[in-house]
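Shown next: input_26.tsv, containing TSV, C-alpha atoms.
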chain	number	residue	atom	x	y	z
N	1	MET	CA	17.00	-15.22	-12.66
N	2	CYS	CA	19.01	-14.34	-9.53
N	3	GLU	CA	20.98	-16.95	-7.58
N	4	LYS	CA	18.84	-18.54	-4.88
N	5	LEU	CA	19.61	-18.95	-1.18
N	6	PRO	CA	19.49	-22.40	0.40
N	7	MET	CA	16.42	-23.26	2.50
N	8	GLN	CA	17.02	-22.47	6.19
N	9	SER	CA	15.53	-24.14	9.26
N	10	ASP	CA	13.18	-21.15	9.69
N	11	GLY	CA	12.09	-21.20	6.04
N	12	ILE	CA	8.42	-21.07	5.08
N	13	VAL	CA	6.40	-23.24	2.67
N	14	ARG	CA	2.90	-21.87	2.25
N	15	LEU	CA	-0.28	-22.32	0.27
N	16	SER	CA	-1.89	-18.90	-0.05
N	17	LYS	CA	-5.54	-19.21	-1.00
N	18	ILE	CA	-7.11	-16.12	-2.49
N	19	LYS	CA	-10.72	-15.62	-3.49
N	20	VAL	CA	-10.84	-12.84	-6.02
N	21	ASN	CA	-13.92	-10.75	-6.68
N	22	PRO	CA	-14.96	-12.07	-10.13
N	23	GLU	CA	-15.47	-8.50	-11.31
N	24	TYR	CA	-11.72	-7.90	-11.03
N	25	ILE	CA	-10.33	-11.25	-12.09
N	26	ASP	CA	-8.51	-10.10	-15.25
N	27	GLU	CA	-6.95	-7.12	-13.51
N	28	TYR	CA	-5.98	-9.24	-10.49
N	29	MET	CA	-4.24	-11.77	-12.77
N	30	LYS	CA	-2.00	-9.06	-14.21
N	31	TYR	CA	-0.90	-7.93	-10.74
N	32	ALA	CA	-0.34	-11.53	-9.60
N	33	VAL	CA	1.73	-12.48	-12.65
N	34	GLU	CA	3.82	-9.33	-12.29
N	35	VAL	CA	4.61	-9.77	-8.59
N	36	GLY	CA	5.38	-13.46	-9.05
N	37	THR	CA	7.73	-12.82	-11.93
N	38	THR	CA	9.60	-9.98	-10.23
N	39	SER	CA	9.87	-11.87	-6.93
N	40	LEU	CA	11.29	-15.00	-8.56
N	41	GLU	CA	13.63	-13.09	-10.84
N	42	THR	CA	15.05	-10.69	-8.29
N	43	GLU	CA	14.70	-12.11	-4.75
N	44	PRO	CA	17.32	-14.66	-3.66
N	45	GLY	CA	15.10	-15.80	-0.79
N	46	VAL	CA	11.92	-16.38	-2.81
N	47	LEU	CA	12.36	-20.03	-3.81
N	48	THR	CA	8.91	-20.66	-5.27
N	49	MET	CA	6.01	-18.43	-6.25
N	50	TYR	CA	3.77	-20.64	-8.35
N	51	ALA	CA	0.22	-19.40	-8.82
N	52	VAL	CA	-2.65	-21.42	-10.22
N	53	ALA	CA	-6.35	-20.75	-10.80
N	54	ASP	CA	-8.98	-23.39	-10.22
N	55	LYS	CA	-10.27	-24.63	-13.58
N	56	GLU	CA	-13.90	-24.76	-12.46
N	57	ASN	CA	-13.82	-21.59	-10.36
N	58	PRO	CA	-11.08	-19.41	-11.86
N	59	PHE	CA	-11.48	-16.73	-9.18
N	60	LEU	CA	-10.03	-19.21	-6.64
N	61	ILE	CA	-6.27	-18.73	-6.74
N	62	THR	CA	-3.69	-20.84	-4.93
N	63	ILE	CA	-0.05	-19.80	-4.70
N	64	LEU	CA	2.70	-22.17	-3.62
N	65	GLU	CA	5.14	-19.85	-1.89
N	66	THR	CA	8.52	-20.86	-0.49
N	67	TYR	CA	10.76	-18.47	1.42
N	68	ALA	CA	14.29	-19.48	2.39
N	69	SER	CA	13.97	-17.91	5.85
N	70	GLN	CA	11.89	-15.58	7.98
N	71	GLU	CA	14.22	-12.79	6.94
N	72	ALA	CA	13.61	-13.60	3.26
N	73	TYR	CA	9.88	-13.37	3.92
N	74	ARG	CA	10.17	-10.03	5.70
N	75	SER	CA	12.30	-8.72	2.84
N	76	HIS	CA	9.66	-9.90	0.34
N	77	ILE	CA	6.71	-8.22	2.01
N	78	ALA	CA	8.71	-5.01	2.39
N	79	SER	CA	9.66	-4.94	-1.31
N	80	GLU	CA	8.31	-2.30	-3.67
N	81	HIS	CA	6.86	-4.92	-6.07
N	82	PHE	CA	5.01	-6.74	-3.27
N	83	GLN	CA	3.61	-3.51	-1.86
N	84	LYS	CA	2.45	-2.48	-5.35
N	85	TYR	CA	0.60	-5.82	-5.64
N	86	LYS	CA	-0.79	-5.70	-2.11
N	87	GLN	CA	-2.08	-2.14	-2.23
N	88	GLY	CA	-3.18	-2.44	-5.86
N	89	THR	CA	-5.30	-5.56	-5.28
N	90	LEU	CA	-6.72	-4.95	-1.78
N	91	HIS	CA	-10.16	-4.06	-3.17
N	92	MET	CA	-10.14	-7.08	-5.54
N	93	VAL	CA	-9.64	-9.73	-2.86
N	94	ASP	CA	-12.71	-11.19	-1.14
N	95	SER	CA	-10.72	-13.47	1.16
N	96	LEU	CA	-7.15	-14.54	1.83
N	97	GLN	CA	-6.05	-17.62	3.75
N	98	LEU	CA	-2.37	-18.34	4.45
N	99	ASP	CA	-1.84	-22.04	5.18
N	100	ASP	CA	1.69	-22.91	6.21
N	101	VAL	CA	2.60	-26.45	5.26
N	102	ILE	CA	5.35	-29.03	5.72
N	103	PRO	CA	6.66	-31.04	2.76
N	104	LEU	CA	6.13	-34.76	3.36
N	105	ASN	CA	9.53	-35.70	1.96
N	106	PRO	CA	12.52	-33.41	2.71
N	107	ARG	CA	14.34	-34.92	-0.29
N	108	ASN	CA	11.58	-33.83	-2.67
N	109	LYS	CA	12.75	-30.50	-4.13
N	110	LEU	CA	11.31	-27.83	-6.39
N	111	SER	CA	13.16	-25.41	-8.57
N	112	ASN	CA	10.97	-22.54	-9.77
N	113	PHE	CA	11.98	-20.16	-12.52
N	114	ILE	CA	10.71	-17.83	-15.24
N	115	GLU	CA	11.39	-19.22	-18.67
R	116	MET	CA	15.93	-39.22	-12.04
R	117	CYS	CA	14.61	-40.12	-15.48
R	118	GLU	CA	14.51	-37.62	-18.34
R	119	LYS	CA	11.23	-35.70	-18.37
R	120	LEU	CA	8.82	-35.21	-21.28
R	121	PRO	CA	7.81	-31.69	-22.29
R	122	MET	CA	4.37	-30.46	-21.20
R	123	GLN	CA	1.76	-31.13	-23.90
R	124	SER	CA	-1.42	-29.18	-24.68
R	125	ASP	CA	-3.45	-31.93	-22.97
R	126	GLY	CA	-1.24	-31.94	-19.86
R	127	ILE	CA	-2.72	-31.77	-16.37
R	128	VAL	CA	-1.86	-29.54	-13.41
R	129	ARG	CA	-3.77	-30.59	-10.33
R	130	LEU	CA	-4.11	-29.94	-6.62
R	131	SER	CA	-5.15	-33.21	-5.00
R	132	LYS	CA	-6.59	-32.60	-1.55
R	133	ILE	CA	-6.65	-35.59	0.75
R	134	LYS	CA	-8.10	-35.80	4.23
R	135	VAL	CA	-6.42	-38.67	6.01
R	136	ASN	CA	-7.98	-40.51	8.94
R	137	PRO	CA	-5.76	-39.23	11.81
R	138	GLU	CA	-5.48	-42.80	13.10
R	139	TYR	CA	-3.48	-43.75	9.99
R	140	ILE	CA	-1.48	-40.58	9.40
R	141	ASP	CA	2.01	-42.05	9.96
R	142	GLU	CA	1.32	-45.08	7.78
R	143	TYR	CA	-0.27	-42.92	5.08
R	144	MET	CA	2.81	-40.66	4.98
R	145	LYS	CA	5.05	-43.64	4.21
R	146	TYR	CA	2.88	-44.69	1.28
R	147	ALA	CA	2.65	-41.13	-0.04
R	148	VAL	CA	6.40	-40.51	0.16
R	149	GLU	CA	7.11	-43.82	-1.57
R	150	VAL	CA	4.70	-43.29	-4.46
R	151	GLY	CA	5.86	-39.70	-4.97
R	152	THR	CA	9.52	-40.69	-5.03
R	153	THR	CA	9.05	-43.62	-7.43
R	154	SER	CA	6.78	-41.61	-9.74
R	155	LEU	CA	9.21	-38.71	-10.00
R	156	GLU	CA	12.26	-40.91	-10.36
R	157	THR	CA	10.89	-43.33	-12.95
R	158	GLU	CA	8.01	-41.72	-14.91
R	159	PRO	CA	8.99	-39.37	-17.76
R	160	GLY	CA	5.47	-37.90	-17.80
R	161	VAL	CA	5.20	-37.12	-14.08
R	162	LEU	CA	6.58	-33.58	-13.99
R	163	THR	CA	5.69	-32.68	-10.41
R	164	MET	CA	4.50	-34.69	-7.42
R	165	TYR	CA	5.02	-32.37	-4.45
R	166	ALA	CA	3.10	-33.31	-1.32
R	167	VAL	CA	2.65	-31.09	1.73
R	168	ALA	CA	0.81	-31.45	5.02
R	169	ASP	CA	-1.01	-28.55	6.63
R	170	LYS	CA	0.97	-27.33	9.64
R	171	GLU	CA	-2.11	-26.82	11.82
R	172	ASN	CA	-4.02	-29.90	10.61
R	173	PRO	CA	-1.36	-32.38	9.46
R	174	PHE	CA	-3.96	-34.88	8.27
R	175	LEU	CA	-4.86	-32.44	5.46
R	176	ILE	CA	-2.54	-33.27	2.56
R	177	THR	CA	-2.20	-31.33	-0.68
R	178	ILE	CA	-0.27	-32.70	-3.64
R	179	LEU	CA	0.75	-30.54	-6.59
R	180	GLU	CA	0.68	-33.00	-9.47
R	181	THR	CA	1.71	-32.25	-13.04
R	182	TYR	CA	1.34	-34.74	-15.86
R	183	ALA	CA	2.82	-34.01	-19.29
R	184	SER	CA	-0.25	-35.40	-21.09
R	185	GLN	CA	-3.42	-37.42	-20.63
R	186	GLU	CA	-1.43	-40.47	-21.71
R	187	ALA	CA	1.17	-39.79	-19.02
R	188	TYR	CA	-1.63	-39.63	-16.46
R	189	ARG	CA	-3.17	-42.91	-17.62
R	190	SER	CA	0.25	-44.54	-17.51
R	191	HIS	CA	0.73	-43.21	-13.94
R	192	ILE	CA	-2.53	-44.53	-12.56
R	193	ALA	CA	-1.92	-47.91	-14.22
R	194	SER	CA	1.57	-48.23	-12.70
R	195	GLU	CA	2.37	-50.83	-10.08
R	196	HIS	CA	3.63	-48.22	-7.58
R	197	PHE	CA	0.46	-46.10	-7.91
R	198	GLN	CA	-1.81	-49.12	-7.53
R	199	LYS	CA	0.14	-50.20	-4.44
R	200	TYR	CA	-0.42	-46.72	-2.94
R	201	LYS	CA	-4.07	-46.53	-4.00
R	202	GLN	CA	-5.08	-49.96	-2.75
R	203	GLY	CA	-2.88	-49.73	0.33
R	204	THR	CA	-4.31	-46.42	1.51
R	205	LEU	CA	-8.01	-46.72	0.52
R	206	HIS	CA	-9.08	-47.34	4.12
R	207	MET	CA	-6.93	-44.46	5.42
R	208	VAL	CA	-8.48	-41.72	3.27
R	209	ASP	CA	-11.57	-39.91	4.57
R	210	SER	CA	-11.96	-37.73	1.48
R	211	LEU	CA	-10.23	-36.98	-1.81
R	212	GLN	CA	-10.76	-33.92	-3.99
R	213	LEU	CA	-9.03	-33.51	-7.36
R	214	ASP	CA	-8.95	-29.85	-8.38
R	215	ASP	CA	-7.53	-29.27	-11.85
R	216	VAL	CA	-5.90	-25.87	-12.15
R	217	ILE	CA	-4.36	-23.55	-14.70
R	218	PRO	CA	-1.03	-21.79	-14.01
R	219	LEU	CA	-1.49	-18.02	-14.13
R	220	ASN	CA	1.77	-17.48	-16.01
R	221	PRO	CA	2.78	-19.99	-18.71
R	222	ARG	CA	6.40	-18.79	-18.39
R	223	ASN	CA	6.50	-19.72	-14.69
R	224	LYS	CA	8.05	-23.22	-14.58
R	225	LEU	CA	8.71	-25.82	-11.92
R	226	SER	CA	11.32	-28.52	-11.96
R	227	ASN	CA	10.68	-31.21	-9.35
R	228	PHE	CA	13.24	-33.82	-8.37
R	229	ILE	CA	14.38	-36.12	-5.59
R	230	GLU	CA	17.66	-34.98	-4.09
Please rewrite the model in this file as structure tokens.
Amino acid sequence: MCEKLPMQSDGIVRLSKIKVNPEYIDEYMKYAVEVGTTSLETEPGVLTMYAVADKENPFLITILETYASQEAYRSHIASEHFQKYKQGTLHMVDSLQLDDVIPLNPRNKLSNFIE
Amino acid sequence: MCEKLPMQSDGIVRLSKIKVNPEYIDEYMKYAVEVGTTSLETEPGVLTMYAVADKENPFLITILETYASQEAYRSHIASEHFQKYKQGTLHMVDSLQLDDVIPLNPRNKLSNFIE
């Protein structure tokens, strides 16, 4: 795991909600796990990248994403691993909703890592 | 912060989605911050309790909750601080949806704490 940057005032906390075409769910999962792992392990400005699948409807994916700054976000979407994921899964994704959020308690902190 | 229990095979990861009556949003936030803080600080089986408000619609709250086991969950909902929150906010909540989820990558871990 790389050292992480502190959260900046222009940081982003986001719930990305992805509806995957059920036909591609297994293949999508592999891409999603790979991009999450590489982003967390190598990007100082990617503070969380925690992806979950709904238990009842496993093709509904939610990812809790935290970027330390706008610059960290731009760097993430320009990265080779993100572009591999994005281009590789375009045809698997039925819908994508990016909901920016605000933590209720600024003292409540998450540390996200690959074990 | 108390020491945390390891995740068990019957643990729970959940996205709780709460629609708060806009009239009560400020009061609801106080309850939610209090119960989250006390749960994280004092309950060994509450592994995450991370609450966010939608930036566009701040009365839409999502809480990422992780319980180490079914027993940890039962202990949480029986606790004095949870019952204070639950009873105190019943009239403020327009809807509540509990979506159990499965992390895509078992090696992707969160540590949640109050700073």
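Across N:Val13, N:Ile77, N:Leu96, N:Met7, the tightest approach to Ala168 (chain R) is made by N:Val13 when counting only C-alpha atoms.
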Using only C-alpha atoms, which chain N residues lie at most 9 Å away from chain R, written as number ranges by chain? N: 13-15, 29-30, 32-33, 36-37, 48-56, 58, 61, 99-115
Would you mind aligning chain N to chain R, a least-squares fit over all C-alpha atoms taken in order, and returning the superposed chain as an mmCIF file with C-alpha atoms, in the frame of the given file?
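The result, stored in part-v4.cif:
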data_model
loop_
_atom_site.group_PDB
_atom_site.id
_atom_site.type_symbol
_atom_site.label_atom_id
_atom_site.label_comp_id
_atom_site.auth_asym_id
_atom_site.auth_seq_id
_atom_site.Cartn_x
_atom_site.Cartn_y
_atom_site.Cartn_z
ATOM 1 C CA MET N 1 15.940 -39.198 -12.007
ATOM 2 C CA CYS N 2 14.609 -40.118 -15.471
ATOM 3 C CA GLU N 3 14.509 -37.616 -18.339
ATOM 4 C CA LYS N 4 11.227 -35.713 -18.377
ATOM 5 C CA LEU N 5 8.814 -35.208 -21.271
ATOM 6 C CA PRO N 6 7.814 -31.694 -22.301
ATOM 7 C CA MET N 7 4.373 -30.457 -21.205
ATOM 8 C CA GLN N 8 1.752 -31.131 -23.903
ATOM 9 C CA SER N 9 -1.420 -29.192 -24.685
ATOM 10 C CA ASP N 10 -3.464 -31.928 -22.958
ATOM 11 C CA GLY N 11 -1.241 -31.943 -19.864
ATOM 12 C CA ILE N 12 -2.725 -31.775 -16.374
ATOM 13 C CA VAL N 13 -1.849 -29.539 -13.403
ATOM 14 C CA ARG N 14 -3.770 -30.595 -10.322
ATOM 15 C CA LEU N 15 -4.098 -29.942 -6.620
ATOM 16 C CA SER N 16 -5.141 -33.209 -4.998
ATOM 17 C CA LYS N 17 -6.579 -32.605 -1.550
ATOM 18 C CA ILE N 18 -6.644 -35.600 0.743
ATOM 19 C CA LYS N 19 -8.094 -35.808 4.227
ATOM 20 C CA VAL N 20 -6.429 -38.677 5.998
ATOM 21 C CA ASN N 21 -7.973 -40.500 8.928
ATOM 22 C CA PRO N 22 -5.760 -39.247 11.802
ATOM 23 C CA GLU N 23 -5.470 -42.804 13.091
ATOM 24 C CA TYR N 24 -3.469 -43.737 9.988
ATOM 25 C CA ILE N 25 -1.478 -40.582 9.388
ATOM 26 C CA ASP N 26 2.014 -42.039 9.941
ATOM 27 C CA GLU N 27 1.312 -45.069 7.780
ATOM 28 C CA TYR N 28 -0.285 -42.913 5.067
ATOM 29 C CA MET N 29 2.806 -40.662 4.976
ATOM 30 C CA LYS N 30 5.051 -43.631 4.214
ATOM 31 C CA TYR N 31 2.876 -44.699 1.272
ATOM 32 C CA ALA N 32 2.651 -41.118 -0.033
ATOM 33 C CA VAL N 33 6.403 -40.505 0.160
ATOM 34 C CA GLU N 34 7.096 -43.816 -1.566
ATOM 35 C CA VAL N 35 4.697 -43.283 -4.477
ATOM 36 C CA GLY N 36 5.871 -39.705 -4.971
ATOM 37 C CA THR N 37 9.511 -40.691 -5.031
ATOM 38 C CA THR N 38 9.041 -43.612 -7.418
ATOM 39 C CA SER N 39 6.777 -41.607 -9.740
ATOM 40 C CA LEU N 40 9.216 -38.700 -10.004
ATOM 41 C CA GLU N 41 12.259 -40.921 -10.366
ATOM 42 C CA THR N 42 10.887 -43.324 -12.939
ATOM 43 C CA GLU N 43 8.013 -41.718 -14.897
ATOM 44 C CA PRO N 44 8.981 -39.375 -17.748
ATOM 45 C CA GLY N 45 5.474 -37.905 -17.807
ATOM 46 C CA VAL N 46 5.190 -37.124 -14.087
ATOM 47 C CA LEU N 47 6.586 -33.580 -13.988
ATOM 48 C CA THR N 48 5.701 -32.700 -10.400
ATOM 49 C CA MET N 49 4.505 -34.693 -7.410
ATOM 50 C CA TYR N 50 5.007 -32.382 -4.457
ATOM 51 C CA ALA N 51 3.107 -33.307 -1.312
ATOM 52 C CA VAL N 52 2.656 -31.095 1.718
ATOM 53 C CA ALA N 53 0.804 -31.444 5.024
ATOM 54 C CA ASP N 54 -1.006 -28.548 6.623
ATOM 55 C CA LYS N 55 0.977 -27.347 9.643
ATOM 56 C CA GLU N 56 -2.100 -26.830 11.815
ATOM 57 C CA ASN N 57 -4.002 -29.895 10.609
ATOM 58 C CA PRO N 58 -1.357 -32.386 9.466
ATOM 59 C CA PHE N 59 -3.963 -34.892 8.262
ATOM 60 C CA LEU N 60 -4.856 -32.445 5.448
ATOM 61 C CA ILE N 61 -2.538 -33.276 2.565
ATOM 62 C CA THR N 62 -2.204 -31.334 -0.676
ATOM 63 C CA ILE N 63 -0.271 -32.697 -3.641
ATOM 64 C CA LEU N 64 0.767 -30.546 -6.581
ATOM 65 C CA GLU N 65 0.669 -33.001 -9.460
ATOM 66 C CA THR N 66 1.711 -32.247 -13.031
ATOM 67 C CA TYR N 67 1.343 -34.745 -15.859
ATOM 68 C CA ALA N 68 2.815 -34.024 -19.285
ATOM 69 C CA SER N 69 -0.255 -35.399 -21.081
ATOM 70 C CA GLN N 70 -3.415 -37.426 -20.638
ATOM 71 C CA GLU N 71 -1.439 -40.465 -21.712
ATOM 72 C CA ALA N 72 1.170 -39.770 -19.013
ATOM 73 C CA TYR N 73 -1.638 -39.622 -16.464
ATOM 74 C CA ARG N 74 -3.176 -42.890 -17.631
ATOM 75 C CA SER N 75 0.252 -44.521 -17.499
ATOM 76 C CA HIS N 76 0.731 -43.216 -13.938
ATOM 77 C CA ILE N 77 -2.534 -44.537 -12.557
ATOM 78 C CA ALA N 78 -1.918 -47.898 -14.222
ATOM 79 C CA SER N 79 1.572 -48.225 -12.701
ATOM 80 C CA GLU N 80 2.369 -50.832 -10.069
ATOM 81 C CA HIS N 81 3.625 -48.201 -7.574
ATOM 82 C CA PHE N 82 0.461 -46.091 -7.914
ATOM 83 C CA GLN N 83 -1.801 -49.110 -7.525
ATOM 84 C CA LYS N 84 0.152 -50.185 -4.425
ATOM 85 C CA TYR N 85 -0.432 -46.705 -2.940
ATOM 86 C CA LYS N 86 -4.073 -46.534 -4.001
ATOM 87 C CA GLN N 87 -5.092 -49.961 -2.747
ATOM 88 C CA GLY N 88 -2.869 -49.725 0.331
ATOM 89 C CA THR N 89 -4.324 -46.399 1.506
ATOM 90 C CA LEU N 90 -8.005 -46.714 0.510
ATOM 91 C CA HIS N 91 -9.080 -47.343 4.116
ATOM 92 C CA MET N 92 -6.917 -44.449 5.415
ATOM 93 C CA VAL N 93 -8.482 -41.738 3.257
ATOM 94 C CA ASP N 94 -11.568 -39.922 4.559
ATOM 95 C CA SER N 95 -11.963 -37.734 1.476
ATOM 96 C CA LEU N 96 -10.224 -36.971 -1.800
ATOM 97 C CA GLN N 97 -10.784 -33.923 -3.985
ATOM 98 C CA LEU N 98 -9.035 -33.517 -7.350
ATOM 99 C CA ASP N 99 -8.945 -29.852 -8.385
ATOM 100 C CA ASP N 100 -7.533 -29.268 -11.841
ATOM 101 C CA VAL N 101 -5.902 -25.875 -12.138
ATOM 102 C CA ILE N 102 -4.355 -23.543 -14.707
ATOM 103 C CA PRO N 103 -1.038 -21.801 -14.019
ATOM 104 C CA LEU N 104 -1.488 -18.024 -14.138
ATOM 105 C CA ASN N 105 1.769 -17.469 -16.006
ATOM 106 C CA PRO N 106 2.781 -19.990 -18.720
ATOM 107 C CA ARG N 107 6.393 -18.794 -18.387
ATOM 108 C CA ASN N 108 6.494 -19.730 -14.701
ATOM 109 C CA LYS N 109 8.047 -23.217 -14.578
ATOM 110 C CA LEU N 110 8.708 -25.842 -11.935
ATOM 111 C CA SER N 111 11.327 -28.520 -11.948
ATOM 112 C CA ASN N 112 10.677 -31.226 -9.354
ATOM 113 C CA PHE N 113 13.239 -33.812 -8.358
ATOM 114 C CA ILE N 114 14.397 -36.136 -5.583
ATOM 115 C CA GLU N 115 17.646 -34.972 -4.081
#
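Non-sequential neighbours of region 80-86 of chain N (distance at most 8 Å, separation of 4 or more positions within a chain, all atoms listed in the file) are N:Tyr31, N:Ala32, N:Val35, N:Thr38, N:Ser39, N:His76, N:Leu90.
Of note, CA of Ser124 (chain R) and CA of Leu213 (chain R) are spaced 19.4 Å apart.
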Could you work out how far CA of Asp209 (chain R) lies from CA of Glu142 (chain R), giving the answer in Å with one decimal? 14.3 Å
